[in-house]
Amino acid sequence: MIARVPTGIDDLDLILGGGIPRSSNVLVKGPPGSFKTIFGLQMLYRNAVKNGTPGLYLSLNQPVGGVKEQAEQFGWSFDKTPVQFVTVDTTTDVNVERTVFEAIKKIGKGIVVIDSLTSFLNRPPLTPSEYVADPLLEPIKRLPGLSFSDEALVRAMTARFLRRLTVTSATILFIYENRPDSSDGVCEYLSDGILKLSKIESLGKRTLCVEKMRYTEHDLLPRNITLKENGISFER
């Protein structure tokens with residue numbers, strides 16, 4: 001039987017058969033204002049309080065003070081929980097991947113929210129020499145017709161980052177906004193799961209859909225979600 005980690009949204013856990021498979025890498029994607037960050041905070045908080053699950057909120061470039069204030073609007077105080085908040089500056093840290101990897105290893109089988117994968121991908125791509133020298137990228141190098149274009153190197157950087165994190169034991173949520181290049185396909189292919197959050201502005205609605213979740217039977221129907229004083233829930 002597959003061990004699962006509750007999402008903090010009861011109706012979503014029913015769809016997923018109890019939650020996200022433990023140690024999965026899940027893409028939480030959607031446009032700005034679709035509750036992606038709140039989703040991650042809710043999962044961290046509910047598991048920490050109910051199960052004592054260690055967690056890490058890893059912010060790329062943004063101070064974590066504002067994120068904690070946002071959480072407190074829902075009564076989620078992380079002060080006495082086993083959840084850490086860390087900021088990594090991708091513009092000054094020359095070893096971002098190693099910094100992130102080492103921080104996640106310390107969490108063990110806990111929950112990690114990386115906010116956001118998009119910020120990581122906005123860095124300069126790999127250089128051709130880095131690409132050639134990296135053994136993690138061997139499967140990509142064997143693809144026919146691959147060139148050293150900037151777009152190809154961004155794809156390679158994306159793949160290396162995601163592959164490196166798959167060796168950890170943590171359950172990882174990657175907060176993600178779609179990009180205009182082809183890194184979307186790499187992110188979706190290498191992720192174990194995809195939760196799509198959407199906004200239907202003409203109707204004033206937000207939805208959540210499970211597009212992909214390995215080891216899980218699920219439908220593909222979008223559900224209307226709402227934000228109340230205790231967080232995200234499905235509309236009844």
# chains A, B, ... in the order shown; residues from 1 in each chain; ligands from 1
>>> residues_around(residues="Leu221 of chain A", least_positions_apart="4", cutoff="12 Å", atoms="only C-alpha atoms", output="VMD selection string")
chain A and resid 12 15 195 to 197 207 to 212
>>> residues_around(residues="Gly33 of chain A", least_positions_apart="3", cutoff="10 Å", atoms="only C-alpha atoms", output="PyMOL selection string")
chain A and resi 30+36-38+197-199+206
>>> residues_around(residues="Lys205 of chain A", least_positions_apart="5", cutoff="8 Å", atoms="only C-alpha atoms", output="MDAnalysis selection string")
chainID A and resid 199:200 224:225
>>> atom_distance(atom1="atom CA of Asp184 of chain A", atom2="atom CA of Ala156 of chain A")
12.1 Å
>>> select_by_dssp(residues="segment 3-235 of chain A", states="alpha helix (DSSP H)", output="ChimeraX atom specification")
/A:10-15,36-51,65-72,96-105,117-121,128-133,138-141,150-165,183-190
>>> select_by_dssp(residues="segment 1-233 of chain A", states="strand (DSSP E or B)", output="JSON, numbers by chain")
{"A": [4, 5, 20, 21, 25, 26, 27, 28, 29, 55, 56, 57, 58, 59, 60, 83, 84, 85, 86, 87, 88, 111, 112, 113, 114, 115, 171, 172, 173, 174, 175, 176, 193, 194, 195, 196, 197, 198, 199, 200, 205, 206, 207, 208, 209, 210, 211, 212, 213, 223, 224, 225, 226, 227, 228, 231, 232, 233]}
>>> residues_around(residues="segment 165-172 of chain A", least_positions_apart="4", cutoff="6 Å", atoms="only C-alpha atoms", output="count of residues only")
10
>>> atom_distance(atom1="atom CA of Leu190 of chain A", atom2="atom CA of Tyr176 of chain A")
13.7 Å
>>> closest_atom_pairs(of="segment 190-233 of chain A", to="segment 71-92 of chain A", cutoff="7 Å", atoms="only C-alpha atoms", output="JSON lines")
{"residue": "A:Glu229", "atom": "CA", "partner": "A:Phe74", "partner_atom": "CA", "distance": 5.3}
{"residue": "A:Asn230", "atom": "CA", "partner": "A:Phe74", "partner_atom": "CA", "distance": 5.1}
{"residue": "A:Gly231", "atom": "CA", "partner": "A:Phe74", "partner_atom": "CA", "distance": 6.1}
>>> write_last_selection(atoms="N, CA and C atoms", output="PDB file, in the first residue's frame")
ATOM      1  N   GLU A 229     -12.094  31.646   5.825  1.00  0.00           N
ATOM      2  CA  GLU A 229     -11.215  32.060   6.923  1.00  0.00           C
ATOM      3  C   GLU A 229     -10.254  30.971   7.361  1.00  0.00           C
ATOM      4  N   ASN A 230     -10.557  29.708   7.001  1.00  0.00           N
ATOM      5  CA  ASN A 230      -9.664  28.611   7.388  1.00  0.00           C
ATOM      6  C   ASN A 230      -8.919  28.011   6.193  1.00  0.00           C
ATOM      7  N   GLY A 231      -8.937  28.708   5.048  1.00  0.00           N
ATOM      8  CA  GLY A 231      -8.158  28.246   3.909  1.00  0.00           C
ATOM      9  C   GLY A 231      -8.992  27.838   2.711  1.00  0.00           C
TER      10      GLY A 231
END
>>> atom_distance(atom1="atom CA of Pro21 of chain A", atom2="atom CA of Arg214 of chain A")
7.8 Å
>>> residues_around(residues="Val26 of chain A", least_positions_apart="2", cutoff="6 Å", atoms="only C-alpha atoms", output="PDB file with C-alpha atoms, in the first residue's frame")
ATOM      1  CA  LEU A 173       5.457  20.951  -4.175  1.00  0.00           C
ATOM      2  CA  SER A 191       6.930  15.676 -12.212  1.00  0.00           C
ATOM      3  CA  ASP A 192       5.092  12.838 -10.483  1.00  0.00           C
ATOM      4  CA  GLY A 193       1.935  14.916 -10.264  1.00  0.00           C
ATOM      5  CA  ILE A 194       0.307  18.069 -11.612  1.00  0.00           C
TER       6      ILE A 194
END
>>> closest_residue(among="A:Pro222, A:Phe101, A:Phe35, A:Met43", to="Ile20 of chain A", atoms="only C-alpha atoms")
A:Met43
>>> closest_residue(among="A:Leu44, A:Ala159, A:Val49, A:Met1", to="Lys68 of chain A", atoms="only C-alpha atoms")
A:Leu44
